[in-house]
Amino acid sequence: MYYDNKSSFYIRQYGPKVLVIVLIVLIASTGLYIYMASRKTPTVDVTQQTIAQQGSTTSQEEQKVDENVASLELPANLEKLKPLETATVKIASIENNGEIVVISGETRFKAKLIGLDFNTVEPDTIYQMGQDIANRQVEIAFDNIKCTNDTANIYIYLNDELYNAKLLEQGKLKLNSNDINKLLLKELTESQAYAKQTRAGIWEY
């Protein structure tokens, strides 16, 4: 076959083959792009889903806290107290587990002393608490969370002295550093440190 020049020869001879190869490469590239695009991780959607899940977890945790906060109805004069504000009540009795029966007006309710660990309380400590505060008028104060599990969380002031700290200072009880109320944690910690230093009570040995 005769060609006018070399260019015409190459175009006629190899042009169709090159065109087919180019078309195959384009089709393959397009298909690969579409495939990769379809498999790409939807970053925004995943992030939003993660945030939603975290929000759900937070809500569940808040709900658990709310479940632990009791619906104990305190008398109006106690309910309106701000943290560390005091009010006068009468201590009716001390139970063997360290819980305190408090009387305010016509209302009786149970309370526990903030920052004290009663898991290993000795009978003589319960006896001393009965001698110190049972059937007496005392001043009580609340922290940020007033009630948990149908029990009030209180500080007791006896003769203007923080009774919670006094029990620690005498080595009668250990500090509960995991208590949810911590406004006076520093003072309570210092009281226990003093008991350890002087080897008072349970720190004698």
# chains A, B, ... in the order shown; residues from 1 in each chain; ligands from 1
>>> residues_around(residues="segment 147-155 of chain A", least_positions_apart="2", cutoff="8 Å", atoms="only C-alpha atoms", output="list of chain:residue names")
A:Asn68, A:Val69, A:Ala70, A:Ser71, A:Leu72, A:Phe109, A:Lys110, A:Ala111, A:Lys112, A:Leu113, A:Ile114, A:Ile140, A:Ala141, A:Phe142, A:Asp143, A:Ile145, A:Tyr157, A:Leu162, A:Tyr163, A:Asn164
>>> write_last_selection(atoms="N, CA and C atoms", output="PDB file, in the first residue's frame")
ATOM      1  N   ASN A  68     -29.004   8.571  91.359  1.00  0.00           N
ATOM      2  CA  ASN A  68     -28.414   8.466  92.684  1.00  0.00           C
ATOM      3  C   ASN A  68     -28.805   9.628  93.583  1.00  0.00           C
ATOM      4  N   VAL A  69     -29.190  10.740  92.976  1.00  0.00           N
ATOM      5  CA  VAL A  69     -29.610  11.895  93.768  1.00  0.00           C
ATOM      6  C   VAL A  69     -31.045  11.663  94.214  1.00  0.00           C
ATOM      7  N   ALA A  70     -31.215  11.552  95.502  1.00  0.00           N
ATOM      8  CA  ALA A  70     -32.514  11.143  96.035  1.00  0.00           C
ATOM      9  C   ALA A  70     -33.549  12.245  95.892  1.00  0.00           C
ATOM     10  N   SER A  71     -34.777  11.801  95.952  1.00  0.00           N
ATOM     11  CA  SER A  71     -35.891  12.743  95.934  1.00  0.00           C
ATOM     12  C   SER A  71     -36.353  13.022  97.354  1.00  0.00           C
ATOM     13  N   LEU A  72     -35.426  12.925  98.303  1.00  0.00           N
ATOM     14  CA  LEU A  72     -35.739  13.191  99.700  1.00  0.00           C
ATOM     15  C   LEU A  72     -36.254  14.616  99.845  1.00  0.00           C
ATOM     16  N   PHE A 109     -35.405  12.656 109.155  1.00  0.00           N
ATOM     17  CA  PHE A 109     -34.740  12.064 107.994  1.00  0.00           C
ATOM     18  C   PHE A 109     -33.351  11.566 108.404  1.00  0.00           C
ATOM     19  N   LYS A 110     -32.833  10.664 107.597  1.00  0.00           N
ATOM     20  CA  LYS A 110     -31.511  10.117 107.863  1.00  0.00           C
ATOM     21  C   LYS A 110     -30.445  10.952 107.160  1.00  0.00           C
ATOM     22  N   ALA A 111     -29.270  10.978 107.766  1.00  0.00           N
ATOM     23  CA  ALA A 111     -28.165  11.741 107.194  1.00  0.00           C
ATOM     24  C   ALA A 111     -26.847  11.006 107.438  1.00  0.00           C
ATOM     25  N   LYS A 112     -25.862  11.347 106.646  1.00  0.00           N
ATOM     26  CA  LYS A 112     -24.514  10.817 106.871  1.00  0.00           C
ATOM     27  C   LYS A 112     -23.537  11.978 106.899  1.00  0.00           C
ATOM     28  N   LEU A 113     -22.446  11.785 107.618  1.00  0.00           N
ATOM     29  CA  LEU A 113     -21.442  12.828 107.730  1.00  0.00           C
ATOM     30  C   LEU A 113     -20.549  12.825 106.492  1.00  0.00           C
ATOM     31  N   ILE A 114     -20.426  13.979 105.873  1.00  0.00           N
ATOM     32  CA  ILE A 114     -19.642  14.112 104.648  1.00  0.00           C
ATOM     33  C   ILE A 114     -18.160  13.866 104.926  1.00  0.00           C
ATOM     34  N   ILE A 140     -26.182  22.273 111.231  1.00  0.00           N
ATOM     35  CA  ILE A 140     -25.775  21.452 110.096  1.00  0.00           C
ATOM     36  C   ILE A 140     -25.641  22.324 108.855  1.00  0.00           C
ATOM     37  N   ALA A 141     -24.837  21.854 107.914  1.00  0.00           N
ATOM     38  CA  ALA A 141     -24.665  22.537 106.635  1.00  0.00           C
ATOM     39  C   ALA A 141     -24.571  21.486 105.542  1.00  0.00           C
ATOM     40  N   PHE A 142     -24.909  21.899 104.344  1.00  0.00           N
ATOM     41  CA  PHE A 142     -24.829  21.012 103.192  1.00  0.00           C
ATOM     42  C   PHE A 142     -23.674  21.429 102.292  1.00  0.00           C
ATOM     43  N   ASP A 143     -23.326  20.529 101.390  1.00  0.00           N
ATOM     44  CA  ASP A 143     -22.354  20.812 100.343  1.00  0.00           C
ATOM     45  C   ASP A 143     -23.145  21.050  99.054  1.00  0.00           C
ATOM     46  N   ILE A 145     -24.195  18.743  96.818  1.00  0.00           N
ATOM     47  CA  ILE A 145     -25.238  17.734  96.639  1.00  0.00           C
ATOM     48  C   ILE A 145     -25.819  17.409  98.012  1.00  0.00           C
ATOM     49  N   TYR A 157     -21.827  21.087 112.924  1.00  0.00           N
ATOM     50  CA  TYR A 157     -21.022  22.014 113.725  1.00  0.00           C
ATOM     51  C   TYR A 157     -21.493  21.917 115.170  1.00  0.00           C
ATOM     52  N   LEU A 162     -16.261  22.077 113.506  1.00  0.00           N
ATOM     53  CA  LEU A 162     -16.699  21.109 112.504  1.00  0.00           C
ATOM     54  C   LEU A 162     -16.531  19.699 113.070  1.00  0.00           C
ATOM     55  N   TYR A 163     -17.662  19.066 113.361  1.00  0.00           N
ATOM     56  CA  TYR A 163     -17.632  17.757 114.013  1.00  0.00           C
ATOM     57  C   TYR A 163     -17.039  16.685 113.105  1.00  0.00           C
ATOM     58  N   ASN A 164     -17.268  16.778 111.813  1.00  0.00           N
ATOM     59  CA  ASN A 164     -16.695  15.825 110.862  1.00  0.00           C
ATOM     60  C   ASN A 164     -15.174  15.808 110.984  1.00  0.00           C
TER      61      ASN A 164
END
>>> residues_around(residues="Ala134 of chain A", least_positions_apart="2", cutoff="7 Å", atoms="only C-alpha atoms", output="list in words")
Ile91, Ala92, Ser93, Ile94, Gly130, Gln131, Asp132 and Arg136 of chain A
>>> write_last_selection(atoms="N, CA, C and O atoms", output="PDB file, in the first residue's frame")
ATOM      1  N   ILE A  91     -30.479  16.258 116.717  1.00  0.00           N
ATOM      2  CA  ILE A  91     -30.032  14.905 116.391  1.00  0.00           C
ATOM      3  C   ILE A  91     -30.799  13.935 117.291  1.00  0.00           C
ATOM      4  O   ILE A  91     -30.685  14.000 118.516  1.00  0.00           O
ATOM      5  N   ALA A  92     -31.578  13.046 116.679  1.00  0.00           N
ATOM      6  CA  ALA A  92     -32.392  12.114 117.462  1.00  0.00           C
ATOM      7  C   ALA A  92     -31.561  10.928 117.943  1.00  0.00           C
ATOM      8  O   ALA A  92     -31.623  10.557 119.114  1.00  0.00           O
ATOM      9  N   SER A  93     -30.784  10.327 117.030  1.00  0.00           N
ATOM     10  CA  SER A  93     -30.010   9.144 117.413  1.00  0.00           C
ATOM     11  C   SER A  93     -28.946   8.857 116.369  1.00  0.00           C
ATOM     12  O   SER A  93     -28.951   9.402 115.272  1.00  0.00           O
ATOM     13  N   ILE A  94     -28.036   7.941 116.741  1.00  0.00           N
ATOM     14  CA  ILE A  94     -26.978   7.482 115.847  1.00  0.00           C
ATOM     15  C   ILE A  94     -27.165   5.981 115.643  1.00  0.00           C
ATOM     16  O   ILE A  94     -27.229   5.221 116.618  1.00  0.00           O
ATOM     17  N   GLY A 130     -22.907   9.130 119.886  1.00  0.00           N
ATOM     18  CA  GLY A 130     -24.159   9.233 120.629  1.00  0.00           C
ATOM     19  C   GLY A 130     -24.014  10.153 121.829  1.00  0.00           C
ATOM     20  O   GLY A 130     -24.898  10.972 122.118  1.00  0.00           O
ATOM     21  N   GLN A 131     -22.884  10.010 122.520  1.00  0.00           N
ATOM     22  CA  GLN A 131     -22.625  10.867 123.685  1.00  0.00           C
ATOM     23  C   GLN A 131     -22.439  12.324 123.272  1.00  0.00           C
ATOM     24  O   GLN A 131     -22.837  13.240 124.005  1.00  0.00           O
ATOM     25  N   ASP A 132     -21.823  12.525 122.129  1.00  0.00           N
ATOM     26  CA  ASP A 132     -21.494  13.891 121.690  1.00  0.00           C
ATOM     27  C   ASP A 132     -22.703  14.658 121.167  1.00  0.00           C
ATOM     28  O   ASP A 132     -22.886  15.838 121.512  1.00  0.00           O
ATOM     29  N   ARG A 136     -29.303  16.362 120.970  1.00  0.00           N
ATOM     30  CA  ARG A 136     -28.766  17.719 121.121  1.00  0.00           C
ATOM     31  C   ARG A 136     -29.114  18.553 119.895  1.00  0.00           C
ATOM     32  O   ARG A 136     -29.323  18.057 118.799  1.00  0.00           O
TER      33      ARG A 136
END
>>> residues_around(residues="Asn77 of chain A", least_positions_apart="5", cutoff="12 Å", atoms="only C-alpha atoms", output="list in words")
Lys82, Glu85, Thr86, Ala87, Thr88, Val89, Ser104, Gly105, Thr107, Ile140 and Ala141 of chain A
>>> closest_residue(among="A:Ala200, A:Ile156, A:Leu26, A:Leu168", to="Leu84 of chain A", atoms="only C-alpha atoms")
A:Ile156
>>> residues_around(residues="Glu169 of chain A", least_positions_apart="4", cutoff="7 Å", atoms="only C-alpha atoms", output="short mmCIF file (atom, residue, chain, number, x, y, z; two decimals) with all heavy atoms, in the first residue's frame")
data_model
loop_
_atom_site.label_atom_id
_atom_site.label_comp_id
_atom_site.auth_asym_id
_atom_site.auth_seq_id
_atom_site.Cartn_x
_atom_site.Cartn_y
_atom_site.Cartn_z
N ALA A 165 -14.58 17.01 111.06
CA ALA A 165 -13.13 17.12 111.17
C ALA A 165 -12.64 16.64 112.53
O ALA A 165 -11.57 16.03 112.63
CB ALA A 165 -12.71 18.57 110.93
N SER A 191 -7.10 17.30 108.92
CA SER A 191 -7.47 16.71 110.21
C SER A 191 -6.97 15.27 110.30
O SER A 191 -6.46 14.84 111.34
CB SER A 191 -8.98 16.75 110.41
OG SER A 191 -9.44 18.09 110.46
N GLN A 192 -7.11 14.52 109.21
CA GLN A 192 -6.61 13.15 109.23
C GLN A 192 -5.08 13.12 109.29
O GLN A 192 -4.50 12.27 109.99
CB GLN A 192 -7.09 12.38 107.99
CG GLN A 192 -6.52 10.96 107.92
CD GLN A 192 -7.23 10.09 106.92
OE1 GLN A 192 -8.29 9.56 107.20
NE2 GLN A 192 -6.65 9.94 105.74
N TYR A 194 -3.21 15.22 110.80
CA TYR A 194 -2.85 15.49 112.19
C TYR A 194 -3.00 14.23 113.04
O TYR A 194 -2.14 13.93 113.90
CB TYR A 194 -3.74 16.60 112.75
CG TYR A 194 -3.50 16.91 114.20
CD1 TYR A 194 -2.46 17.73 114.59
CD2 TYR A 194 -4.31 16.35 115.20
CE1 TYR A 194 -2.22 18.01 115.94
CE2 TYR A 194 -4.09 16.62 116.54
CZ TYR A 194 -3.04 17.44 116.91
OH TYR A 194 -2.80 17.70 118.24
N ALA A 195 -4.08 13.47 112.81
CA ALA A 195 -4.29 12.24 113.57
C ALA A 195 -3.17 11.24 113.30
O ALA A 195 -2.69 10.56 114.22
CB ALA A 195 -5.64 11.63 113.20
#
>>> residues_around(residues="Lys174 of chain A", least_positions_apart="3", cutoff="9 Å", atoms="only C-alpha atoms", output="list of chain:residue names")
A:Gly115, A:Leu116, A:Asp117, A:Phe118, A:Thr120, A:Val121, A:Leu167, A:Leu168, A:Gly171, A:Gln192, A:Ile202
>>> select_by_dssp(residues="segment 131-165 of chain A", states="helix (DSSP H, G or I)", output="ChimeraX atom specification")
/A:131-133,163-165
>>> write_last_selection(atoms="all heavy atoms", output="tab-separated table (two decimals), in the first residue's frame")
chain	number	residue	atom	x	y	z
A	131	GLN	N	-22.88	10.01	122.52
A	131	GLN	CA	-22.62	10.87	123.69
A	131	GLN	C	-22.44	12.32	123.27
A	131	GLN	O	-22.84	13.24	124.00
A	131	GLN	CB	-21.37	10.39	124.43
A	131	GLN	CG	-21.50	9.02	125.07
A	131	GLN	CD	-22.53	9.02	126.20
A	131	GLN	OE1	-23.61	8.46	126.06
A	131	GLN	NE2	-22.21	9.66	127.30
A	132	ASP	N	-21.82	12.52	122.13
A	132	ASP	CA	-21.49	13.89	121.69
A	132	ASP	C	-22.70	14.66	121.17
A	132	ASP	O	-22.89	15.84	121.51
A	132	ASP	CB	-20.42	13.85	120.58
A	132	ASP	CG	-19.06	13.42	121.10
A	132	ASP	OD1	-18.83	13.48	122.32
A	132	ASP	OD2	-18.23	13.02	120.25
A	133	ILE	N	-23.52	14.01	120.33
A	133	ILE	CA	-24.52	14.78	119.60
A	133	ILE	C	-25.96	14.28	119.71
A	133	ILE	O	-26.89	15.01	119.32
A	133	ILE	CB	-24.15	14.89	118.11
A	133	ILE	CG1	-24.08	13.49	117.47
A	133	ILE	CG2	-22.84	15.64	117.92
A	133	ILE	CD1	-23.80	13.52	115.97
A	163	TYR	N	-17.66	19.07	113.36
A	163	TYR	CA	-17.63	17.76	114.01
A	163	TYR	C	-17.04	16.68	113.11
A	163	TYR	O	-16.36	15.77	113.57
A	163	TYR	CB	-19.05	17.37	114.46
A	163	TYR	CG	-19.11	16.14	115.32
A	163	TYR	CD1	-18.52	16.13	116.58
A	163	TYR	CD2	-19.77	15.01	114.89
A	163	TYR	CE1	-18.58	14.99	117.38
A	163	TYR	CE2	-19.84	13.88	115.67
A	163	TYR	CZ	-19.24	13.88	116.92
A	163	TYR	OH	-19.30	12.75	117.72
A	164	ASN	N	-17.27	16.78	111.81
A	164	ASN	CA	-16.70	15.83	110.86
A	164	ASN	C	-15.17	15.81	110.98
A	164	ASN	O	-14.54	14.74	111.03
A	164	ASN	CB	-17.07	16.20	109.43
A	164	ASN	CG	-18.55	16.43	109.22
A	164	ASN	OD1	-19.18	17.18	109.97
A	164	ASN	ND2	-19.12	15.79	108.20
A	165	ALA	N	-14.58	17.01	111.06
A	165	ALA	CA	-13.13	17.12	111.17
A	165	ALA	C	-12.64	16.64	112.53
A	165	ALA	O	-11.57	16.03	112.63
A	165	ALA	CB	-12.71	18.57	110.93
